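Chemist: My structure is in entry_28.cif, and what it holds is mmCIF, C-alpha atoms:
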```cif
data_final
#
loop_
_atom_site.label_atom_id
_atom_site.label_comp_id
_atom_site.auth_asym_id
_atom_site.auth_seq_id
_atom_site.Cartn_x
_atom_site.Cartn_y
_atom_site.Cartn_z
CA MET A 1 104.01 91.12 133.35
CA LYS A 2 107.52 92.44 134.09
CA LEU A 3 107.50 90.67 137.44
CA ILE A 4 106.49 87.40 135.79
CA LEU A 5 109.11 87.74 133.09
CA ASN A 6 111.80 88.48 135.68
CA TYR A 7 110.79 85.38 137.61
CA LEU A 8 110.87 83.26 134.50
CA ARG A 9 114.26 84.65 133.52
CA LEU A 10 115.65 83.68 136.92
CA LEU A 11 114.02 80.27 136.64
CA ALA A 12 115.58 79.68 133.23
CA ALA A 13 119.01 80.68 134.55
CA ALA A 14 118.61 78.30 137.46
CA LEU A 15 117.62 75.48 135.14
CA VAL A 16 120.87 75.83 133.24
CA MET A 17 122.68 74.97 136.46
CA LEU A 18 120.28 72.12 137.25
CA VAL A 19 120.83 70.33 133.92
CA PRO A 20 123.40 67.51 134.26
CA ALA A 21 126.50 67.56 132.11
CA GLN A 22 126.48 65.97 128.67
CA GLY A 23 128.76 63.20 129.79
CA ASN A 24 126.06 61.52 131.91
CA ALA A 25 124.84 58.03 131.22
CA GLN A 26 122.00 57.02 128.91
CA ASP A 27 119.48 56.70 131.77
CA GLU A 28 119.94 60.38 132.56
CA ALA A 29 119.34 61.58 129.01
CA PRO A 30 116.61 64.23 128.74
CA VAL A 31 113.19 62.93 127.73
CA TRP A 32 111.59 65.28 125.21
CA SER A 33 107.94 65.51 124.27
CA VAL A 34 105.68 67.80 122.29
CA LEU A 35 102.61 69.18 124.10
CA THR A 36 99.55 70.03 122.02
CA CYS A 37 96.88 72.15 123.69
CA SER A 38 93.31 72.31 122.43
CA PRO A 39 91.77 75.63 121.33
CA GLY A 40 90.43 78.17 123.79
CA THR A 41 87.79 80.87 123.45
CA ALA A 42 90.01 83.97 123.33
CA SER A 43 90.94 85.22 119.87
CA TYR A 44 94.64 84.45 120.37
CA SER A 45 93.90 80.88 121.54
CA LEU A 46 91.30 79.80 118.95
CA TYR A 47 93.81 77.62 117.14
CA GLY A 48 95.40 75.90 120.14
CA HIS A 49 99.01 75.91 121.24
CA THR A 50 102.20 73.83 121.00
CA ALA A 51 105.09 73.63 123.45
CA LEU A 52 108.18 71.52 124.03
CA ARG A 53 108.62 69.59 127.30
CA MET A 54 111.90 68.32 128.80
CA ARG A 55 112.22 65.94 131.75
CA GLN A 56 115.54 64.99 133.29
CA ALA A 57 116.16 63.85 136.87
CA GLN A 58 114.33 66.40 139.07
CA THR A 59 113.85 68.88 136.24
CA ASP A 60 110.50 69.06 134.42
CA ILE A 61 110.11 72.17 132.27
CA VAL A 62 108.25 73.43 129.23
CA PHE A 63 109.77 75.64 126.55
CA ASN A 64 106.99 77.96 125.46
CA TYR A 65 107.29 79.93 122.20
CA GLY A 66 103.92 81.63 122.67
CA VAL A 67 104.74 84.51 125.03
CA PHE A 68 104.10 88.16 124.16
CA ASP A 69 103.69 91.34 126.17
CA PHE A 70 100.62 93.54 125.65
CA LYS A 71 102.41 96.32 127.54
CA ALA A 72 105.34 96.44 125.15
CA PRO A 73 105.77 99.88 123.51
CA HIS A 74 103.37 100.40 120.59
CA PHE A 75 102.20 96.78 120.80
CA LEU A 76 98.89 97.27 118.95
CA TRP A 77 100.46 99.38 116.21
CA ARG A 78 103.25 96.86 115.71
CA PHE A 79 100.68 94.05 115.66
CA VAL A 80 98.73 95.76 112.85
CA LEU A 81 101.95 96.20 110.89
CA GLY A 82 102.89 92.55 111.38
CA HIS A 83 105.90 93.46 113.53
CA THR A 84 104.83 91.40 116.53
CA ASP A 85 107.75 89.95 118.48
CA TYR A 86 107.24 86.82 120.59
CA ILE A 87 109.69 85.24 122.99
CA VAL A 88 110.48 81.70 124.10
CA ILE A 89 110.72 81.05 127.83
CA ALA A 90 111.24 78.07 130.11
CA VAL A 91 108.63 77.47 132.79
CA GLU A 92 107.91 74.61 135.17
CA THR A 93 105.47 72.14 133.67
CA ASP A 94 103.00 72.44 136.55
CA ILE A 95 102.84 76.20 136.05
CA PHE A 96 102.35 75.80 132.31
CA MET A 97 99.50 73.33 132.86
CA GLU A 98 97.54 75.53 135.26
CA GLU A 99 95.76 77.54 132.57
CA TYR A 100 94.66 74.45 130.67
CA VAL A 101 93.47 72.60 133.78
CA ARG A 102 91.51 75.69 134.85
CA ASP A 103 89.89 76.16 131.44
CA GLY A 104 89.25 72.46 130.82
CA ARG A 105 91.36 72.45 127.66
CA GLU A 106 92.97 69.20 126.59
CA VAL A 107 96.74 68.80 126.68
CA SER A 108 98.14 65.78 124.84
CA GLU A 109 101.75 64.63 124.86
CA GLN A 110 103.86 62.94 122.18
CA VAL A 111 107.10 61.54 123.60
CA LEU A 112 109.89 61.85 121.06
CA ASN A 113 112.04 58.88 120.10
CA LEU A 114 115.44 60.59 120.28
CA ARG A 115 118.88 59.11 120.71
CA LEU A 116 121.12 60.38 123.50
CA GLU A 117 123.16 62.73 121.32
CA GLU A 118 119.96 64.12 119.74
CA SER A 119 118.40 64.77 123.15
CA LEU A 120 121.51 66.52 124.41
CA ARG A 121 121.80 68.56 121.23
CA LEU A 122 118.18 69.69 121.61
CA MET A 123 118.76 70.55 125.26
CA GLU A 124 121.81 72.62 124.43
CA TYR A 125 119.92 74.45 121.68
CA MET A 126 116.84 75.25 123.81
CA LEU A 127 118.91 76.49 126.74
CA TRP A 128 120.73 78.75 124.29
CA LYS A 129 117.41 79.97 122.85
CA ILE A 130 115.96 81.12 126.19
CA ARG A 131 118.84 83.48 126.87
CA PRO A 132 117.64 87.11 126.78
CA GLU A 133 119.71 87.90 123.69
CA ASN A 134 118.33 84.91 121.74
CA ARG A 135 114.75 84.39 122.85
CA THR A 136 112.94 86.98 120.68
CA TYR A 137 111.61 86.10 117.24
CA ARG A 138 109.37 87.81 114.69
CA TYR A 139 106.03 86.03 114.83
CA ASN A 140 104.27 85.02 111.61
CA PHE A 141 100.89 83.37 112.07
CA LEU A 142 101.13 81.08 109.04
CA THR A 143 104.83 80.27 108.82
CA ASP A 144 106.69 81.06 112.05
CA ASN A 145 104.84 80.42 115.29
CA CYS A 146 104.81 78.18 118.36
CA ALA A 147 104.10 75.03 116.33
CA THR A 148 106.61 75.58 113.52
CA ARG A 149 109.34 76.64 115.97
CA VAL A 150 108.99 73.42 117.97
CA LEU A 151 109.08 71.34 114.80
CA ASP A 152 112.16 73.18 113.51
CA ALA A 153 113.96 72.73 116.84
CA VAL A 154 113.35 68.97 116.82
CA LYS A 155 114.54 68.66 113.22
CA MET A 156 117.60 70.74 114.00
CA ALA A 157 118.56 68.32 116.79
CA VAL A 158 118.11 65.23 114.60
CA ASN A 159 119.23 66.23 111.11
CA ARG A 160 122.88 65.51 110.49
CA PRO A 161 124.88 64.02 107.57
CA GLY A 162 123.50 60.49 107.23
CA THR A 163 120.55 61.18 109.56
CA GLU A 164 117.38 63.00 108.58
CA VAL A 165 113.75 63.42 109.62
CA VAL A 166 111.56 62.21 106.75
CA GLU A 167 107.86 61.68 106.03
CA ARG A 168 106.76 58.06 105.91
CA PHE A 169 104.32 58.56 103.03
CA THR A 170 104.11 60.53 99.82
CA PRO A 171 102.48 63.84 100.74
CA GLY A 172 99.43 64.86 98.76
CA PRO A 173 97.57 68.16 98.56
CA LEU A 174 95.77 69.35 101.66
CA PRO A 175 93.19 72.08 102.16
CA THR A 176 94.19 75.70 101.82
CA TYR A 177 95.26 77.93 104.69
CA ARG A 178 91.78 79.44 104.73
CA GLN A 179 89.98 76.08 104.79
CA LEU A 180 92.13 74.91 107.68
CA LEU A 181 91.47 78.09 109.63
CA HIS A 182 87.73 77.70 109.06
CA ARG A 183 87.79 74.38 110.93
CA TYR A 184 88.68 76.27 114.10
CA THR A 185 86.32 79.24 113.68
CA GLN A 186 83.05 77.49 112.79
CA ALA A 187 81.48 78.66 116.05
CA TYR A 188 83.23 82.05 115.97
CA GLU A 189 81.78 83.46 112.77
CA TRP A 190 82.84 87.05 113.28
CA ASN A 191 86.43 85.97 113.92
CA ARG A 192 86.25 83.93 110.72
CA GLU A 193 84.76 86.84 108.80
CA GLY A 194 87.44 89.21 110.08
CA ASN A 195 90.15 86.78 108.98
CA ASP A 196 88.55 86.30 105.57
CA LEU A 197 88.23 90.04 104.99
CA LEU A 198 91.95 90.60 105.59
CA LEU A 199 93.57 87.44 104.19
CA GLY A 200 94.21 87.54 100.46
CA ALA A 201 94.35 85.15 97.54
CA ALA A 202 97.66 83.63 98.68
CA CYS A 203 95.70 82.09 101.55
CA ASP A 204 93.76 79.96 99.04
CA THR A 205 96.66 77.93 97.63
CA LEU A 206 96.85 74.21 98.39
CA LEU A 207 99.28 73.26 101.14
CA THR A 208 101.80 70.52 101.68
CA ARG A 209 101.58 68.54 104.90
CA ARG A 210 104.59 70.43 106.25
CA ALA A 211 103.00 73.80 105.51
CA ALA A 212 99.76 72.71 107.21
CA ALA A 213 101.73 72.06 110.41
CA PHE A 214 101.49 75.74 111.35
CA LEU A 215 98.39 74.77 113.38
CA PRO A 216 99.07 72.85 116.60
CA HIS A 217 96.66 69.97 115.95
CA GLU A 218 97.88 69.61 112.37
CA MET A 219 101.46 69.67 113.63
CA SER A 220 100.61 66.86 116.06
CA LEU A 221 99.27 64.76 113.19
CA TYR A 222 102.32 65.62 111.10
CA LEU A 223 104.66 64.47 113.89
CA ASP A 224 102.97 61.06 113.84
CA SER A 225 103.91 60.73 110.17
CA LEU A 226 107.60 61.48 110.67
CA ALA A 227 110.47 59.04 111.06
CA VAL A 228 114.21 59.28 111.43
CA TRP A 229 116.20 57.84 108.53
CA THR A 230 119.83 56.85 108.97
CA LEU A 231 122.41 54.96 106.93
CA ARG A 232 122.96 52.40 109.69
CA GLU A 233 119.44 51.39 110.81
CA ASP A 234 115.83 51.05 109.75
CA LEU A 235 113.37 53.95 109.88
CA ARG A 236 112.79 54.99 113.48
CA PRO A 237 109.37 56.57 114.28
CA LEU A 238 109.91 60.07 115.62
CA VAL A 239 107.04 59.68 118.11
CA LEU A 240 107.62 56.97 120.69
CA SER A 241 104.32 57.18 122.57
CA LYS A 242 101.24 59.36 123.03
CA SER A 243 99.03 60.18 125.99
CA VAL A 244 96.55 62.75 127.29
CA LEU A 245 97.83 64.74 130.27
CA VAL A 246 94.80 66.98 130.77
CA PRO A 247 91.39 65.71 129.60
CA LEU A 248 89.03 67.95 127.68
CA ARG A 249 86.29 69.31 129.95
CA ALA A 250 85.36 72.59 128.27
CA ALA A 251 81.93 72.66 126.65
CA ALA A 252 81.72 73.06 122.90
CA PRO A 253 81.11 76.70 121.92
CA ARG A 254 77.59 77.66 120.92
CA ALA A 255 76.79 78.72 117.39
CA LEU A 256 75.59 82.28 116.92
CA PRO A 257 71.85 82.84 116.51
CA PHE A 258 70.89 83.03 112.84
CA TRP A 259 70.12 86.73 112.96
CA GLN A 260 73.57 87.61 114.37
CA ARG A 261 75.59 85.88 111.65
CA PRO A 262 77.58 87.92 109.10
CA ARG A 263 75.84 86.31 106.12
CA THR A 264 72.39 87.09 107.55
CA LEU A 265 73.25 90.74 108.12
CA ALA A 266 74.76 91.00 104.63
CA TRP A 267 71.59 89.71 102.98
CA ALA A 268 69.52 91.93 105.26
CA PHE A 269 71.38 94.84 103.66
CA VAL A 270 70.40 93.49 100.24
CA ALA A 271 66.76 93.39 101.38
CA LEU A 272 67.06 96.99 102.63
CA ALA A 273 68.53 98.03 99.27
CA LEU A 274 65.62 96.41 97.40
CA LEU A 275 63.04 98.05 99.67
CA SER A 276 64.70 101.44 99.22
CA PHE A 277 64.69 100.87 95.43
CA VAL A 278 60.91 100.35 95.50
CA PHE A 279 60.38 103.31 97.82
CA GLU A 280 62.40 105.67 95.63
CA ARG A 281 60.67 104.40 92.51
CA ARG A 282 57.26 105.17 93.94
CA THR A 283 58.02 108.46 95.68
CA GLY A 284 60.78 109.93 93.53
CA ARG A 285 62.75 110.71 96.66
CA ARG A 286 66.39 109.69 97.07
CA LEU A 287 67.38 108.34 100.48
CA TRP A 288 70.73 110.08 100.31
CA MET A 289 71.31 109.80 104.06
CA LEU A 290 71.27 106.01 103.63
CA ASP A 291 73.85 106.43 100.85
CA ALA A 292 76.00 108.57 103.15
CA ALA A 293 75.89 106.03 105.98
CA VAL A 294 76.73 103.12 103.68
CA MET A 295 79.56 104.99 101.98
CA ALA A 296 81.02 106.01 105.35
CA VAL A 297 81.01 102.44 106.67
CA GLN A 298 82.35 101.05 103.39
CA GLY A 299 85.11 103.66 103.27
CA VAL A 300 86.24 103.20 106.88
CA ALA A 301 86.38 99.42 106.43
CA GLY A 302 88.23 100.03 103.18
CA LEU A 303 90.84 102.12 104.96
CA LEU A 304 91.76 99.13 107.12
CA VAL A 305 91.78 96.64 104.23
CA VAL A 306 93.90 98.83 101.97
CA PHE A 307 96.25 99.80 104.79
CA MET A 308 96.84 96.13 105.58
CA LEU A 309 97.31 95.39 101.88
CA LEU A 310 99.90 98.13 101.36
CA ALA A 311 101.66 98.50 104.71
CA SER A 312 101.33 95.33 106.78
CA GLU A 313 103.76 92.42 106.77
CA HIS A 314 101.11 89.95 107.92
CA PRO A 315 101.07 86.90 105.60
CA THR A 316 98.86 86.94 102.47
CA VAL A 317 97.23 90.34 103.16
CA ASP A 318 99.06 91.85 100.17
CA SER A 319 97.02 89.80 97.66
CA ASN A 320 93.54 90.78 98.83
CA TYR A 321 91.18 91.40 95.90
CA GLN A 322 88.39 92.33 98.31
CA ALA A 323 89.98 95.78 98.28
CA LEU A 324 88.12 96.20 94.98
CA ILE A 325 84.97 96.63 97.11
CA LEU A 326 86.37 97.71 100.48
CA ASN A 327 88.57 100.73 99.77
CA PRO A 328 88.64 104.41 100.83
CA LEU A 329 87.19 105.75 97.55
CA PRO A 330 83.57 106.01 98.82
CA LEU A 331 84.82 107.97 101.83
CA LEU A 332 86.72 110.39 99.58
CA CYS A 333 83.68 110.88 97.34
CA LEU A 334 81.21 111.22 100.21
CA PRO A 335 81.26 115.07 100.55
CA TRP A 336 80.68 115.50 96.80
CA VAL A 337 77.84 112.94 96.74
CA VAL A 338 76.12 114.52 99.74
CA LYS A 339 76.47 118.03 98.28
CA ARG A 340 74.95 117.02 94.95
CA ALA A 341 72.12 115.16 96.69
CA ARG A 342 71.18 118.14 98.86
CA GLN A 343 71.19 120.39 95.79
CA GLY A 344 69.02 117.93 93.88
CA ARG A 345 71.62 117.77 91.11
CA PHE A 346 72.77 114.76 89.10
CA CYS A 347 75.81 112.95 90.55
CA LEU A 348 78.03 110.99 88.16
CA TYR A 349 79.39 108.84 91.02
CA HIS A 350 76.28 106.64 91.09
CA PRO A 351 76.16 105.44 87.44
CA LEU A 352 79.94 104.95 87.34
CA ASN A 353 79.83 102.99 90.56
CA LEU A 354 76.96 100.86 89.20
CA ILE A 355 79.05 99.90 86.16
CA TYR A 356 82.03 99.13 88.39
CA LEU A 357 79.98 96.93 90.75
CA LEU A 358 78.34 95.01 87.90
CA VAL A 359 81.75 94.29 86.34
CA PHE A 360 83.02 93.07 89.72
CA LEU A 361 79.99 90.78 90.21
CA LEU A 362 80.39 89.34 86.72
CA LEU A 363 84.12 88.68 87.12
CA SER A 364 84.14 87.66 90.80
CA ALA A 365 83.69 83.96 89.96
CA TRP A 366 87.01 84.05 88.06
CA ILE A 367 89.00 85.79 90.79
CA GLN A 368 91.19 83.16 92.48
CA GLN A 369 90.21 84.08 96.02
CA ASP A 370 87.57 82.79 98.42
CA PHE A 371 85.83 85.98 99.48
CA ALA A 372 84.41 86.67 102.92
CA GLU A 373 80.71 85.84 103.13
CA ILE A 374 79.63 89.47 103.15
CA ILE A 375 81.51 90.64 100.04
CA VAL A 376 79.22 89.43 97.22
CA PRO A 377 75.96 90.38 99.05
CA LEU A 378 77.52 93.76 99.85
CA ALA A 379 78.46 94.36 96.21
CA PHE A 380 75.00 93.27 95.07
CA GLY A 381 73.26 95.52 97.61
CA LEU A 382 75.42 98.48 96.59
CA ALA A 383 74.60 97.80 92.94
CA VAL A 384 70.86 97.82 93.77
CA ARG A 385 71.26 101.19 95.49
CA GLU A 386 73.08 102.65 92.49
CA ALA A 387 70.53 101.13 90.08
CA GLY A 388 67.82 102.90 92.05
CA TYR A 389 69.54 106.20 91.39
CA VAL A 390 70.06 105.53 87.68
CA PHE A 391 66.48 104.40 87.01
CA ASN A 392 64.95 107.19 89.07
CA LYS A 393 67.33 110.02 88.24
CA GLU A 394 64.71 112.13 86.43
CA LYS A 395 62.45 112.15 89.47
CA ILE A 396 65.27 112.49 91.97
CA THR A 397 67.02 115.42 90.32
CA LYS A 398 63.76 117.39 90.17
CA LYS A 399 63.38 117.37 93.92
#
```
Rewrite the coordinates I just gave you, this time as structure tokens.

Modeler:
Amino acid sequence: MKLILNYLRLLAAALVMLVPAQGNAQDEAPVWSVLTCSPGTASYSLYGHTALRMRQAQTDIVFNYGVFDFKAPHFLWRFVLGHTDYIVIAVETDIFMEEYVRDGREVSEQVLNLRLEESLRLMEYMLWKIRPENRTYRYNFLTDNCATRVLDAVKMAVNRPGTEVVERFTPGPLPTYRQLLHRYTQAYEWNREGNDLLLGAACDTLLTRRAAAFLPHEMSLYLDSLAVWTLREDLRPLVLSKSVLVPLRAAAPRALPFWQRPRTLAWAFVALALLSFVFERRTGRRLWMLDAAVMAVQGVAGLLVVFMLLASEHPTVDSNYQALILNPLPLLCLPWVVKRARQGRFCLYHPLNLIYLLVFLLLSAWIQQDFAEIIVPLAFGLAVREAGYVFNKEKITKK
């Protein structure tokens, strides 16, 4: 990675010298376009990618805001905390395209309808941005990423007193962040479930069209709706032309088998809870080892959810009501519950937890958050387990 970054740094420095001076004629003005890349199969590429292309004379480069280094110090820890730093680099267009040609991912191009001074202003800004002291930015998946950075750069180059990028229609409400993300994870159900478990209620607010442009495809659609307004001329469409540079060849991802889906496994747990209820009712024996396993898994998952809620700067994780079910409390109570079960003594944890779970299930419909698919079945299954203890406590505590 260091070797690649050093090469790219040298390339960017060389490009500064290759760019003609701003006094050149109109026919040598840089031609700018936005590249939109279709989603891949890796977790970091599920939502596609956006980059900014510049062509001028013999120069053909892409400014890429999507570069990060896995080998950076404490990368995973910083990622969990939401302190992930990305950089913008300049790379030759052919090199940028290699990955997408190899993987059969579509790359479409929208040529921007910029005046000479706007093109030169954007060129000056992007060459300033790729300098080592300027290229790093704090990545935010929903509000500050490769798509939003490209859009902001274009607007920066155009917007001036008397000139402004505007929308050509009255924007109406769009889906929520979560609903948009679901469009890209339909075939990746565990990725979707992981997102839904960590993203909070703020992810379920309706978006404006500008806010929805955090996703590359949505940003491409948003660009088509933009125009440049000036005092001296009619509205000028921001996008001059569109084309496909790399056709889509990748096969559509397969859906998971029914029995591997999160919802199926969650309801399988409910079925297990019901079967254990019947078993304990008939035998008077408490399956406390099942309780211990469930509490351990619930508590460990709760550690992650609550840590993200309290400590992470990732967007919307601080409004996650699913922490009412996934939290470390079961893990903290586990030694006490196991001790009481082995002694055959009554444990107050179970009836209190039953009341808590029933209140959650009753009120969950009024909580302004779209829960992950497993949350309600999990709460119901846990309530069945606790009901089994309450209704069979006389038999259980005699054993």

Chemist: Between A:Gln179, A:Thr50, A:Ser243, A:Thr93, single out the one closest to Glu109 in chain A, counting only C-alpha atoms.

Modeler: A:Ser243

Chemist: Distance CA of Arg53 in chain A-CA of Ala90 in chain A, one decimal place?

Modeler: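 If I compute the distance from CA of Arg53 in chain A to CA of Ala90 in chain A, I get 9.3 Å.
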
Chemist: What is the distance, in Å and to one decimal place, between CA of Tyr177 in chain A and CA of Val239 in chain A?

Modeler: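 Computed distance, CA of Tyr177 in chain A to CA of Val239 in chain A, equals 25.5 Å.
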
Chemist: When you look at range 376-380 of chain A with a cut-off of 6 Å (counting all atoms listed in the file), what residues show up, excluding the ones that are within fewer than 3 positions of it in the same chain? I need them as a ChimeraX atom specification.

Modeler: /A:266-267,383

Chemist: Enter the distance from CA of Tyr389 in chain A to CA of Leu329 in chain A, in Å, rounded to one decimal.

Modeler: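 One can read the CA of Tyr389 in chain A to CA of Leu329 in chain A distance as 18.7 Å.
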
Chemist: From the set A:Leu238, A:Leu272, A:Ala153, A:Val80, which residue has the shortest atom-to-atom contact distance to Met308 in chain A, counting only C-alpha atoms?

Modeler: A:Val80

Chemist: Could you list, as a list in words, every residue matched by the PyMOL selection byres ((chain A and resi 72-74) around 12) in this structure?

Modeler: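 With the shown file as input, the PyMOL selection byres ((chain A and resi 72-74) around 12) matches Met1, Lys2, Val67, Phe68, Asp69, Phe70, Lys71, Phe75, Leu76, Trp77, Arg78, Phe79, Val80, Leu81, His83, Thr84, Asp85 and Tyr86 of chain A.
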
Chemist: Can you pull out every residue within 12 Å of Met126 in chain A, counting all atoms listed in the file, but drop anything in the same chain fewer than 2 positions away, and send it as a VMD selection string?

Modeler: chain A and resid 12 15 to 16 19 32 51 to 54 61 to 65 88 to 90 119 to 124 128 to 131 134 to 135 149 to 150 152 to 154 156 to 157

Chemist: Within 12 Å of Leu310 in chain A, counting only C-alpha atoms, which residues qualify if same-chain residues fewer than 4 places away don't, as an MDAnalysis selection string?

Modeler: chainID A and resid 80:82 198 302:306 314 316:320 323 327

Chemist: Of the candidates A:Leu354, A:Leu35, A:Ile87, A:Leu324, which one gets nearest to Leu197 in chain A if we count only C-alpha atoms?

Modeler: A:Leu324

Chemist: Decode the PyMOL selection byres ((chain A and resi 341) around 12) for the given file into explicit residues and return them as a VMD selection string.

Modeler: chain A and resid 285 to 292 334 to 340 342 to 350 389 393 396 to 399

Chemist: Rank A:Asn353, A:Thr185, A:Asn159, A:Leu275 by their smallest atom-to-atom distance to Glu117 in chain A, using only C-alpha atoms, and report the top residue only.

Modeler: A:Asn159

Chemist: Give me the residues within 8 Å of Val165 in chain A as an MDAnalysis selection string, counting all atoms listed in the file and dropping any in the same chain fewer than 4 places off.

Modeler: chainID A and resid 155 158:159 226:229 238

Chemist: When the PyMOL selection byres ((chain A and resi 364) around 12) is applied to the file above, which residues end up in the set, as an mmCIF file with C-alpha atoms, in the frame of the given file?

Modeler:
```cif
data_model
loop_
_atom_site.group_PDB
_atom_site.id
_atom_site.type_symbol
_atom_site.label_atom_id
_atom_site.label_comp_id
_atom_site.auth_asym_id
_atom_site.auth_seq_id
_atom_site.Cartn_x
_atom_site.Cartn_y
_atom_site.Cartn_z
ATOM 1 C CA TYR A 321 91.180 91.400 95.900
ATOM 2 C CA GLN A 322 88.390 92.330 98.310
ATOM 3 C CA LEU A 324 88.120 96.200 94.980
ATOM 4 C CA ILE A 325 84.970 96.630 97.110
ATOM 5 C CA TYR A 356 82.030 99.130 88.390
ATOM 6 C CA LEU A 357 79.980 96.930 90.750
ATOM 7 C CA LEU A 358 78.340 95.010 87.900
ATOM 8 C CA VAL A 359 81.750 94.290 86.340
ATOM 9 C CA PHE A 360 83.020 93.070 89.720
ATOM 10 C CA LEU A 361 79.990 90.780 90.210
ATOM 11 C CA LEU A 362 80.390 89.340 86.720
ATOM 12 C CA LEU A 363 84.120 88.680 87.120
ATOM 13 C CA ALA A 365 83.690 83.960 89.960
ATOM 14 C CA TRP A 366 87.010 84.050 88.060
ATOM 15 C CA ILE A 367 89.000 85.790 90.790
ATOM 16 C CA GLN A 368 91.190 83.160 92.480
ATOM 17 C CA GLN A 369 90.210 84.080 96.020
ATOM 18 C CA ASP A 370 87.570 82.790 98.420
ATOM 19 C CA PHE A 371 85.830 85.980 99.480
ATOM 20 C CA ILE A 375 81.510 90.640 100.040
ATOM 21 C CA VAL A 376 79.220 89.430 97.220
ATOM 22 C CA PRO A 377 75.960 90.380 99.050
ATOM 23 C CA ALA A 379 78.460 94.360 96.210
ATOM 24 C CA PHE A 380 75.000 93.270 95.070
#
```

Chemist: Quick one: residues within 6 Å of Thr176 in chain A, only C-alpha atoms counted, chain neighbours fewer than 5 positions away excluded, as a PyMOL selection string?

Modeler: chain A and resi 204-207

Chemist: Taking into account all atoms listed in the file, which residue in the set A:Asn392, A:Trp190, A:His49, A:Leu142 is nearest to Thr283 in chain A?

Modeler: A:Asn392

Chemist: Quick one: what's the axis-aligned box for range 232-241 of chain A, all listed atoms, 4 Å on every side, centre and edges in Å to one decimal, as JSON?

Modeler:
```
{"center_x": 113.6, "center_y": 55.6, "center_z": 116.1, "size_x": 26.6, "size_y": 17.0, "size_z": 20.9}
```

Chemist: Nearest residue to Leu309 in chain A out of A:Thr41, A:Ala251, A:Tyr184, A:Leu199, using only C-alpha atoms?

Modeler: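 Residue with the minimum atom-to-atom distance to Leu309 in chain A: A:Leu199.
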
Chemist: Given the point (110.1, 63.6, 128.2) in the file's coordinates, find the residues that have an atom at most 8 Å from it, counting all atoms listed in the file, and give them as a list in words.

Modeler: Pro30, Val31, Trp32, Ser33, Arg53, Met54, Arg55, Gln56, Val111 and Leu112 of chain A

Chemist: For the residues in that selection, give me C-alpha atoms as an mmCIF file, keeping the file's coordinate frame.

Modeler:
```
data_model
loop_
_atom_site.group_PDB
_atom_site.id
_atom_site.type_symbol
_atom_site.label_atom_id
_atom_site.label_comp_id
_atom_site.auth_asym_id
_atom_site.auth_seq_id
_atom_site.Cartn_x
_atom_site.Cartn_y
_atom_site.Cartn_z
ATOM 1 C CA PRO A 30 116.610 64.230 128.740
ATOM 2 C CA VAL A 31 113.190 62.930 127.730
ATOM 3 C CA TRP A 32 111.590 65.280 125.210
ATOM 4 C CA SER A 33 107.940 65.510 124.270
ATOM 5 C CA ARG A 53 108.620 69.590 127.300
ATOM 6 C CA MET A 54 111.900 68.320 128.800
ATOM 7 C CA ARG A 55 112.220 65.940 131.750
ATOM 8 C CA GLN A 56 115.540 64.990 133.290
ATOM 9 C CA VAL A 111 107.100 61.540 123.600
ATOM 10 C CA LEU A 112 109.890 61.850 121.060
#
```

Chemist: Starting from the point (122.6, 53.8, 110.9), work out which residues of protein, DNA or RNA have an atom no more than 12 Å away when counting only C-alpha atoms; state them as a VMD selection string.

Modeler: chain A and resid 115 160 to 164 228 to 236
